[in-house]
file upload09.cif (mmCIF, C-alpha atoms)
data_final
loop_
_atom_site.label_atom_id
_atom_site.label_comp_id
_atom_site.auth_asym_id
_atom_site.auth_seq_id
_atom_site.Cartn_x
_atom_site.Cartn_y
_atom_site.Cartn_z
CA MET A 1 137.98 1.27 123.06
CA ALA A 2 138.63 0.15 119.47
CA ASP A 3 134.90 0.14 118.79
CA ALA A 4 134.58 3.64 120.26
CA THR A 5 137.42 4.87 118.06
CA ILE A 6 135.72 3.50 114.95
CA ILE A 7 132.37 5.05 115.91
CA ILE A 8 133.99 8.44 116.49
CA LYS A 9 135.85 8.33 113.19
CA GLU A 10 132.60 7.53 111.39
CA ALA A 11 130.90 10.43 113.16
CA GLU A 12 133.74 12.76 112.15
CA LYS A 13 133.32 11.72 108.51
CA LYS A 14 129.66 12.70 108.70
CA LEU A 15 130.68 16.06 110.18
CA ALA A 16 133.50 16.93 107.78
CA LYS A 17 131.57 19.72 106.03
CA GLN A 18 130.48 21.31 109.32
CA PHE A 19 134.03 21.16 110.70
CA GLU A 20 135.39 22.86 107.59
CA GLU A 21 132.91 25.72 107.96
CA ILE A 22 133.78 26.09 111.64
CA ASP A 23 137.48 26.38 110.75
CA ASP A 24 136.74 29.00 108.08
CA ILE A 25 134.77 31.11 110.56
CA ALA A 26 137.50 30.78 113.20
CA PHE A 27 140.15 32.00 110.73
CA TYR A 28 137.98 34.97 109.74
CA ASN A 29 137.40 35.98 113.34
CA GLN A 30 141.02 35.40 114.34
CA LYS A 31 142.08 37.94 111.73
CA LYS A 32 139.58 40.47 113.10
CA VAL A 33 141.02 40.06 116.58
CA LEU A 34 144.65 40.29 115.46
CA ASP A 35 143.94 43.38 113.37
CA ALA A 36 142.37 45.08 116.40
CA PHE A 37 145.34 44.18 118.62
CA ASN A 38 147.66 45.73 116.06
CA GLU A 39 145.51 48.80 115.46
CA PHE A 40 145.40 49.69 119.15
CA ARG A 41 149.09 48.93 119.66
CA VAL A 42 148.79 46.30 122.36
CA SER A 43 152.02 46.07 124.33
CA SER A 44 153.12 44.44 127.57
CA GLN A 45 152.21 47.70 129.29
CA CYS A 46 148.55 46.84 128.68
CA PHE A 47 148.88 43.75 130.85
CA HIS A 48 149.71 45.70 134.03
CA GLY A 49 146.99 46.35 136.57
CA SER A 50 146.14 49.44 138.56
CA THR A 51 144.98 50.18 142.10
CA GLY A 52 142.69 52.59 143.86
CA TYR A 53 140.55 54.62 141.52
CA GLY A 54 142.27 53.24 138.43
CA TYR A 55 142.47 56.55 136.58
CA ASP A 56 144.18 56.30 133.17
CA ASP A 57 144.27 52.50 133.29
CA VAL A 58 145.77 51.73 129.87
CA GLY A 59 145.06 48.01 130.03
CA ARG A 60 141.39 48.49 130.85
CA ASP A 61 140.80 51.24 128.28
CA THR A 62 142.66 49.51 125.44
CA LEU A 63 140.83 46.26 126.03
CA ALA A 64 137.52 48.12 125.75
CA LYS A 65 138.57 49.65 122.42
CA ILE A 66 139.49 46.20 121.07
CA TYR A 67 136.13 44.72 122.05
CA ALA A 68 134.28 47.63 120.45
CA LYS A 69 136.26 47.25 117.22
CA VAL A 70 135.95 43.47 116.92
CA PHE A 71 132.28 43.36 117.89
CA GLY A 72 131.22 46.23 115.63
CA GLY A 73 130.43 48.86 118.26
CA GLU A 74 131.49 52.43 118.91
CA LYS A 75 132.33 52.00 122.59
CA ALA A 76 132.60 49.25 125.20
CA ILE A 77 132.79 48.40 128.87
CA VAL A 78 134.97 45.35 129.58
CA SER A 79 135.60 44.75 133.23
CA PRO A 80 136.07 42.30 136.10
CA ILE A 81 133.79 44.64 138.06
CA LEU A 82 130.97 43.07 136.03
CA THR A 83 130.80 39.85 137.99
CA CYS A 84 128.94 37.73 135.42
CA GLY A 85 126.69 37.90 132.37
CA THR A 86 123.58 38.44 134.49
CA HIS A 87 125.24 41.39 136.23
CA ALA A 88 126.26 42.89 132.88
CA ILE A 89 122.73 42.50 131.47
CA THR A 90 121.19 44.01 134.59
CA THR A 91 123.57 46.97 134.35
CA VAL A 92 122.35 47.58 130.80
CA LEU A 93 118.68 47.36 131.76
CA TYR A 94 118.95 49.73 134.72
CA GLY A 95 121.20 52.06 132.75
CA ILE A 96 118.73 52.56 129.90
CA LEU A 97 115.24 52.09 131.37
CA ARG A 98 113.36 54.67 133.44
CA SER A 99 110.00 54.82 135.21
CA GLY A 100 107.17 54.62 132.68
CA ASP A 101 109.41 53.15 129.95
CA THR A 102 108.39 49.95 128.19
CA MET A 103 110.76 47.01 127.73
CA LEU A 104 109.56 44.72 124.95
CA THR A 105 111.24 41.33 124.84
CA VAL A 106 110.70 39.58 121.49
CA THR A 107 112.26 36.17 122.23
CA GLY A 108 109.95 35.07 125.02
CA LEU A 109 110.75 35.07 128.72
CA PRO A 110 114.45 35.83 129.34
CA TYR A 111 116.86 33.51 131.13
CA ASP A 112 115.96 32.46 134.69
CA THR A 113 118.52 34.64 136.48
CA ILE A 114 117.00 37.80 134.94
CA HIS A 115 113.50 37.18 136.29
CA ASP A 116 114.06 38.90 139.65
CA THR A 117 115.53 41.89 137.80
CA LEU A 118 112.30 42.20 135.82
CA PHE A 119 109.60 41.31 138.31
CA GLY A 120 108.72 41.43 141.99
CA LYS A 121 107.55 44.03 144.47
CA GLY A 122 110.01 45.23 147.05
CA ASN A 123 113.14 43.62 145.60
CA SER A 124 114.48 46.59 143.58
CA SER A 125 113.22 45.04 140.35
CA LEU A 126 112.46 47.08 137.24
CA GLU A 127 108.79 46.61 138.10
CA ASP A 128 109.52 48.30 141.43
CA TYR A 129 110.91 51.28 139.54
CA GLY A 130 107.88 51.59 137.30
CA VAL A 131 109.23 49.95 134.13
CA ILE A 132 106.55 48.25 132.02
CA TYR A 133 107.41 44.76 130.75
CA LYS A 134 105.87 43.34 127.57
CA GLN A 135 106.65 40.01 125.93
CA ILE A 136 106.26 38.42 122.51
CA ASP A 137 107.23 34.79 122.08
CA LEU A 138 109.08 33.34 119.14
CA LYS A 139 107.10 31.25 116.70
CA GLU A 140 107.22 27.46 117.10
CA ASN A 141 109.98 27.32 114.45
CA SER A 142 112.13 29.74 116.52
CA GLU A 143 111.53 32.59 114.05
CA PHE A 144 110.61 36.15 115.04
CA ASP A 145 106.90 36.95 114.99
CA LEU A 146 107.54 40.09 112.95
CA GLU A 147 103.88 40.99 112.46
CA LYS A 148 103.21 41.07 116.22
CA ILE A 149 106.52 42.76 116.99
CA PHE A 150 106.09 45.59 114.50
CA ALA A 151 102.49 46.17 115.62
CA GLU A 152 103.61 46.47 119.27
CA VAL A 153 106.57 48.70 118.42
CA GLU A 154 104.36 51.03 116.39
CA ALA A 155 101.76 51.21 119.16
CA LEU A 156 104.03 51.37 122.23
CA LYS A 157 107.23 53.05 120.97
CA PRO A 158 109.11 51.02 123.60
CA LYS A 159 112.28 52.37 125.14
CA MET A 160 113.90 48.97 124.61
CA VAL A 161 113.47 45.92 122.40
CA TYR A 162 115.29 43.02 124.05
CA LEU A 163 116.49 39.76 122.50
CA GLN A 164 118.17 36.70 123.95
CA ARG A 165 120.37 35.11 121.30
CA SER A 166 120.92 31.78 123.04
CA ARG A 167 118.10 29.53 124.17
CA GLY A 168 118.50 29.63 127.92
CA TYR A 169 116.65 26.72 129.52
CA SER A 170 114.22 26.29 126.64
CA ASN A 171 113.96 23.93 123.69
CA ARG A 172 114.13 26.61 120.99
CA LYS A 173 117.09 27.25 118.72
CA ALA A 174 119.65 30.01 119.15
CA LEU A 175 119.26 33.01 116.84
CA SER A 176 121.40 34.08 113.91
CA PRO A 177 122.48 37.73 113.63
CA TYR A 178 121.75 37.51 109.91
CA LYS A 179 118.08 36.84 110.72
CA MET A 180 118.00 39.80 113.12
CA LYS A 181 118.64 42.37 110.40
CA GLU A 182 115.06 42.59 109.10
CA LEU A 183 113.75 42.88 112.66
CA PHE A 184 116.18 45.64 113.62
CA GLU A 185 115.53 47.66 110.47
CA GLY A 186 111.78 47.41 111.01
CA VAL A 187 112.01 48.46 114.66
CA LYS A 188 114.19 51.48 113.88
CA LYS A 189 111.90 52.56 111.04
CA LEU A 190 108.86 52.52 113.34
CA SER A 191 110.60 53.85 116.46
CA PRO A 192 114.06 55.35 115.82
CA GLU A 193 114.68 56.14 119.52
CA THR A 194 114.14 52.56 120.68
CA TYR A 195 117.28 50.85 122.00
CA ILE A 196 117.82 47.34 120.65
CA VAL A 197 119.63 45.20 123.24
CA VAL A 198 120.88 41.64 122.68
CA ASP A 199 121.96 39.17 125.34
CA ASN A 200 124.81 37.72 123.29
CA CYS A 201 125.99 35.09 125.80
CA TYR A 202 127.25 31.86 124.22
CA GLY A 203 127.08 33.36 120.71
CA GLU A 204 130.32 35.32 120.32
CA PHE A 205 132.56 34.18 117.42
CA VAL A 206 130.16 31.40 116.44
CA ASP A 207 129.51 33.26 113.19
CA ARG A 208 131.28 35.93 111.14
CA ILE A 209 129.15 38.77 112.50
CA GLU A 210 127.63 39.86 115.80
CA PRO A 211 124.22 41.51 116.33
CA THR A 212 125.88 44.95 116.48
CA ASN A 213 126.94 44.48 112.86
CA VAL A 214 123.28 44.40 111.79
CA GLY A 215 121.88 47.23 113.90
CA ALA A 216 121.78 46.31 117.60
CA ASP A 217 122.48 49.26 119.89
CA VAL A 218 123.97 47.04 122.60
CA ILE A 219 125.28 43.50 122.96
CA VAL A 220 126.24 42.09 126.31
CA GLY A 221 127.89 38.94 127.61
CA SER A 222 130.17 37.15 130.05
CA LEU A 223 133.95 36.76 129.94
CA ILE A 224 133.81 33.27 131.42
CA LYS A 225 132.00 32.20 128.28
CA ASN A 226 133.15 32.63 124.66
CA PRO A 227 135.15 35.89 124.62
CA GLY A 228 137.25 34.96 127.65
CA GLY A 229 138.80 32.12 125.68
CA GLY A 230 138.91 29.94 128.78
CA LEU A 231 141.53 32.21 130.35
CA ALA A 232 139.68 35.29 131.66
CA PRO A 233 139.13 34.68 135.39
CA THR A 234 135.92 36.72 135.69
CA GLY A 235 134.11 39.69 134.15
CA GLY A 236 131.60 40.83 131.59
CA TYR A 237 131.41 43.07 128.54
CA ILE A 238 128.97 45.57 127.09
CA VAL A 239 129.50 46.81 123.51
CA GLY A 240 127.35 49.29 121.62
CA THR A 241 126.76 52.76 120.34
CA GLU A 242 128.46 55.63 122.13
CA LYS A 243 125.07 57.03 123.15
CA ALA A 244 123.99 53.76 124.72
CA ILE A 245 127.29 53.02 126.48
CA ASP A 246 127.47 56.53 127.94
CA LEU A 247 124.00 56.02 129.39
CA ILE A 248 124.83 52.55 130.75
CA ALA A 249 128.08 53.88 132.26
CA THR A 250 126.06 56.03 134.68
CA ARG A 251 124.77 52.80 136.23
CA TYR A 252 128.04 50.87 135.88
CA THR A 253 129.58 53.36 138.33
CA ASN A 254 127.60 56.59 138.77
CA PRO A 255 126.67 59.67 136.70
CA SER A 256 129.75 61.67 137.69
CA LEU A 257 132.36 58.92 137.31
CA LYS A 258 131.13 56.76 134.39
CA LEU A 259 134.13 54.99 132.82
CA GLU A 260 136.90 57.10 134.33
CA LEU A 261 137.74 54.62 137.05
CA GLY A 262 137.81 50.95 137.93
CA SER A 263 141.05 49.26 138.93
CA PHE A 264 142.18 45.63 138.80
CA GLU A 265 145.53 45.09 140.50
CA MET A 266 146.06 41.56 139.15
CA GLY A 267 146.47 42.88 135.61
CA TYR A 268 144.85 42.13 132.28
CA ARG A 269 147.07 39.62 130.48
CA MET A 270 144.58 36.77 130.82
CA PHE A 271 141.79 38.96 129.44
CA TYR A 272 143.87 39.90 126.38
CA GLN A 273 145.22 36.40 125.82
CA GLY A 274 141.78 34.88 126.32
CA PHE A 275 140.19 37.20 123.77
CA PHE A 276 142.99 36.43 121.31
CA MET A 277 142.42 32.69 121.81
CA SER A 278 138.64 32.94 121.71
CA PRO A 279 137.96 32.35 117.98
CA HIS A 280 139.99 29.14 118.12
CA THR A 281 138.59 27.97 121.45
CA VAL A 282 135.01 28.60 120.33
CA ALA A 283 135.75 26.51 117.23
CA GLN A 284 137.00 23.67 119.45
CA ALA A 285 133.83 23.86 121.54
CA LEU A 286 131.61 23.85 118.45
CA LYS A 287 133.31 20.79 117.00
CA GLY A 288 132.92 19.04 120.32
CA CYS A 289 129.22 19.87 120.46
CA PHE A 290 128.71 18.52 116.95
CA LEU A 291 130.48 15.29 117.86
CA VAL A 292 128.49 14.74 121.05
CA GLY A 293 125.31 15.59 119.16
CA GLN A 294 126.14 13.07 116.45
CA ILE A 295 126.87 10.30 118.96
CA MET A 296 123.63 10.89 120.85
CA GLN A 297 121.57 11.34 117.69
CA ASP A 298 122.88 8.06 116.30
CA LYS A 299 121.78 6.42 119.55
CA GLY A 300 118.23 7.67 119.04
CA TYR A 301 118.13 10.81 121.17
CA LYS A 302 116.76 14.13 119.98
CA ILE A 303 119.33 16.93 119.80
CA ILE A 304 118.85 20.71 119.46
CA PRO A 305 119.88 22.04 117.04
CA GLU A 306 120.11 19.17 114.59
CA ASN A 307 123.60 18.60 113.20
CA ASN A 308 122.52 19.61 109.71
CA GLU A 309 121.77 23.12 111.00
CA LYS A 310 124.28 25.91 111.48
CA PRO A 311 124.77 26.58 115.20
CA GLN A 312 124.39 30.04 116.69
CA ASP A 313 125.75 29.28 120.14
CA ILE A 314 128.11 26.76 121.72
CA ILE A 315 125.31 24.69 123.28
CA LYS A 316 124.10 21.30 122.13
CA SER A 317 120.91 20.18 123.85
CA VAL A 318 120.15 16.50 124.35
CA VAL A 319 116.54 15.60 125.19
CA PHE A 320 115.97 12.71 127.61
CA ASN A 321 112.82 10.87 128.63
CA THR A 322 113.37 10.85 132.39
CA PRO A 323 115.16 12.94 135.03
CA GLU A 324 117.32 9.91 135.84
CA GLU A 325 118.69 9.78 132.28
CA LEU A 326 119.38 13.50 132.39
CA ILE A 327 121.18 13.31 135.73
CA LYS A 328 123.32 10.39 134.54
CA PHE A 329 124.45 12.35 131.46
CA VAL A 330 125.40 15.42 133.51
CA GLN A 331 127.26 13.32 136.07
CA THR A 332 129.22 11.65 133.27
CA VAL A 333 130.47 15.08 132.14
CA GLN A 334 131.88 15.61 135.63
CA THR A 335 133.79 12.31 135.57
CA ILE A 336 135.76 13.43 132.51
CA SER A 337 136.55 16.90 133.91
CA PRO A 338 140.15 17.97 134.66
CA VAL A 339 139.07 19.48 138.00
CA ASP A 340 136.97 17.70 140.66
CA SER A 341 136.39 14.66 138.46
CA PHE A 342 135.75 12.69 141.66
CA ALA A 343 132.80 14.90 142.65
CA LEU A 344 129.20 13.77 142.11
CA PRO A 345 126.89 16.57 140.90
CA LEU A 346 123.39 16.47 142.37
CA PRO A 347 120.33 18.68 141.80
CA TRP A 348 120.27 21.63 144.21
CA ASP A 349 118.54 24.94 144.89
CA MET A 350 120.88 27.20 142.95
CA PRO A 351 120.58 30.98 143.56
CA GLY A 352 118.61 32.75 140.83
CA TYR A 353 116.69 29.67 139.63
CA ASN A 354 113.13 28.58 140.39
CA ASP A 355 113.79 24.86 139.82
CA GLN A 356 116.52 22.67 141.17
CA VAL A 357 119.54 22.68 138.86
CA ILE A 358 122.21 20.05 138.28
CA MET A 359 125.52 21.33 137.00
CA ALA A 360 128.72 19.59 135.94
CA ALA A 361 131.51 22.14 135.88
CA GLY A 362 134.88 20.66 136.71
CA THR A 363 136.50 23.75 135.27
CA PHE A 364 139.69 25.76 135.81
CA VAL A 365 137.58 28.94 136.06
CA GLY A 366 134.62 28.40 138.36
CA GLY A 367 131.40 27.98 136.37
CA ALA A 368 133.07 28.74 133.05
CA SER A 369 130.78 27.33 130.40
CA LEU A 370 133.25 27.66 127.54
CA GLU A 371 135.02 24.81 129.29
CA LEU A 372 133.50 21.32 129.08
CA SER A 373 130.36 21.59 131.17
CA CYS A 374 126.70 20.69 131.29
CA ASP A 375 123.72 21.88 133.30
CA SER A 376 119.97 21.62 133.40
CA PRO A 377 116.95 22.45 135.54
CA ILE A 378 115.18 19.35 136.79
CA ARG A 379 111.91 19.89 134.97
CA ALA A 380 110.17 18.48 131.91
CA PRO A 381 111.17 18.35 129.14
CA TYR A 382 114.38 16.82 130.50
CA ILE A 383 117.02 18.61 128.45
CA ALA A 384 120.76 18.52 129.10
CA TYR A 385 122.47 21.71 127.98
CA PHE A 386 125.93 20.56 126.98
CA GLN A 387 128.51 23.20 126.13
CA GLY A 388 132.14 24.00 125.74
CA GLY A 389 135.39 22.15 125.62
CA LEU A 390 138.66 24.05 125.53
CA THR A 391 140.06 21.38 123.26
CA TYR A 392 138.28 19.11 120.81
CA GLU A 393 140.42 16.20 122.03
CA HIS A 394 138.93 16.55 125.51
CA VAL A 395 135.39 16.34 124.14
CA LYS A 396 136.37 13.24 122.15
CA MET A 397 137.27 11.59 125.45
CA PHE A 398 133.79 12.41 126.71
CA ALA A 399 132.33 10.98 123.50
CA GLU A 400 134.17 7.71 124.19
CA LYS A 401 132.51 7.57 127.61
CA LEU A 402 129.09 8.16 126.03
CA ILE A 403 129.64 5.26 123.65
CA GLU A 404 130.51 2.98 126.57
CA LEU A 405 127.57 4.24 128.66
CA TYR A 406 124.73 4.12 126.14
#
call {"tool": "encode", "arguments": {"input": "upload09.cif", "output": "structure tokens"}}
result
Amino acid sequence: MADATIIIKEAEKKLAKQFEEIDDIAFYNQKKVLDAFNEFRVSSQCFHGSTGYGYDDVGRDTLAKIYAKVFGGEKAIVSPILTCGTHAITTVLYGILRSGDTMLTVTGLPYDTIHDTLFGKGNSSLEDYGVIYKQIDLKENSEFDLEKIFAEVEALKPKMVYLQRSRGYSNRKALSPYKMKELFEGVKKLSPETYIVVDNCYGEFVDRIEPTNVGADVIVGSLIKNPGGGLAPTGGYIVGTEKAIDLIATRYTNPSLKLELGSFEMGYRMFYQGFFMSPHTVAQALKGCFLVGQIMQDKGYKIIPENNEKPQDIIKSVVFNTPEELIKFVQTVQTISPVDSFALPLPWDMPGYNDQVIMAAGTFVGGASLELSCDSPIRAPYIAYFQGGLTYEHVKMFAEKLIELY
């Protein structure tokens, strides 16, 4: 263990500059959150739940105002009724798109669980409803192909331009909101009525700004990832312009009800407390990902992104040569988990995925990837998508195991 301690301390010395920047960003974002809590006069009354229709639910409505303020939008939907990030994204897509509309995705094929929403005859997909799907891939360096994008936008005037900030199960890098600004300005100049939608999962509070701060009409994500702070038990959020959210609200409930109802008897304290904790918890996860990346890089493995690059999500990818190496890494994550550490993850046919997936998620909230977790499809290239860690100390314990194992 002494050798592991020395190796970790050496890794931390190499990462001192990155850790300092992470702390600065966390402080900046913590102030944004606290200011919003104060502005909207959060009180213990906001923590109480409601039943039935949930009319005039103060906790629900105040939480939505806080999300909109912090994430740079005009209006928001924040709700346990949104069961996950995929559900929230699908709600946005069906809320905005109509028959004959074009959806142009400019970051390649979206995440696996969205595929059935986009394609397929007879399964209530967007294709079923007459929505036209077009795709432009990122360049090999993970940059936007602006020339192709602007040409398509000018020619098609798409109803929606769609981006996925995080990498999903690919080997590209996550995207910076700062680099989105030129794209968004160009799209709006060529087609002012186009809605720009960003799947923001895994990216919240990683930087000082969100995509809405540079022109996105909508950002969407999951509460069991970054903004839930490890405490929110379920849910999703949608933040954007008032025009966009009003349109999406007709699908979230229906055209006559929109955001007027939606109860949650258990109450909202964990959602508020989780959002308050989120800037700090995201910082803990980022430090942990840097440390694991450094350990694996020093042992000769490729990591994505490299540790000299600024991260734009809480995921550190480790590239292995064989499926056996990948499976061993994921199983090691499970052994250090606070919940179900005795369980042995195996590849399985997970709903929504075309390949078998192995997932280590010994988490307090089921499947919460802000907590220490790791997952991967069993397909080449064999990439482990490591994420989370509610505390940096917990990830250090995992790093000690890696040093013993490799």
call {"tool": "residues_around", "arguments": {"input": "upload09.cif", "residues": "segment 261-263 of chain A", "least_positions_apart": "5", "cutoff": "7 Å", "atoms": "only C-alpha atoms", "output": "JSON, numbers by chain"}}
result
{"A": [50, 51, 52, 53, 54, 55]}
call {"tool": "residues_around", "arguments": {"input": "upload09.cif", "residues": "Pro323 of chain A", "least_positions_apart": "5", "cutoff": "8 Å", "atoms": "only C-alpha atoms", "output": "number ranges by chain"}}
result
A: 378-379, 382
call {"tool": "residues_around", "arguments": {"input": "upload09.cif", "residues": "Lys65 of chain A", "least_positions_apart": "2", "cutoff": "9 Å", "atoms": "all atoms listed in the file", "output": "list in words"}}
result
Ala36, Phe40, Arg60, Asp61, Thr62, Leu63, Tyr67, Ala68, Lys69, Val70, Glu74, Lys75, Ala76 and Ile77 of chain A
call {"tool": "residues_around", "arguments": {"input": "upload09.cif", "residues": "Gly267 of chain A", "least_positions_apart": "2", "cutoff": "7 Å", "atoms": "all atoms listed in the file", "output": "list in words"}}
result
Phe47, His48, Gly49, Phe264, Glu265 and Arg269 of chain A
call {"tool": "closest_atom_pairs", "arguments": {"input": "upload09.cif", "of": "segment 264-376 of chain A", "to": "segment 171-195 of chain A", "cutoff": "7 Å", "atoms": "all atoms listed in the file", "output": "tab-separated table"}}
result
residue	atom	partner	partner_atom	distance
A:Ile304	CA	A:Lys173	CA	6.8
A:Pro305	CA	A:Lys173	CA	6.1
A:Gln312	CA	A:Ala174	CA	5.3
A:Asp313	CA	A:Ala174	CA	6.2
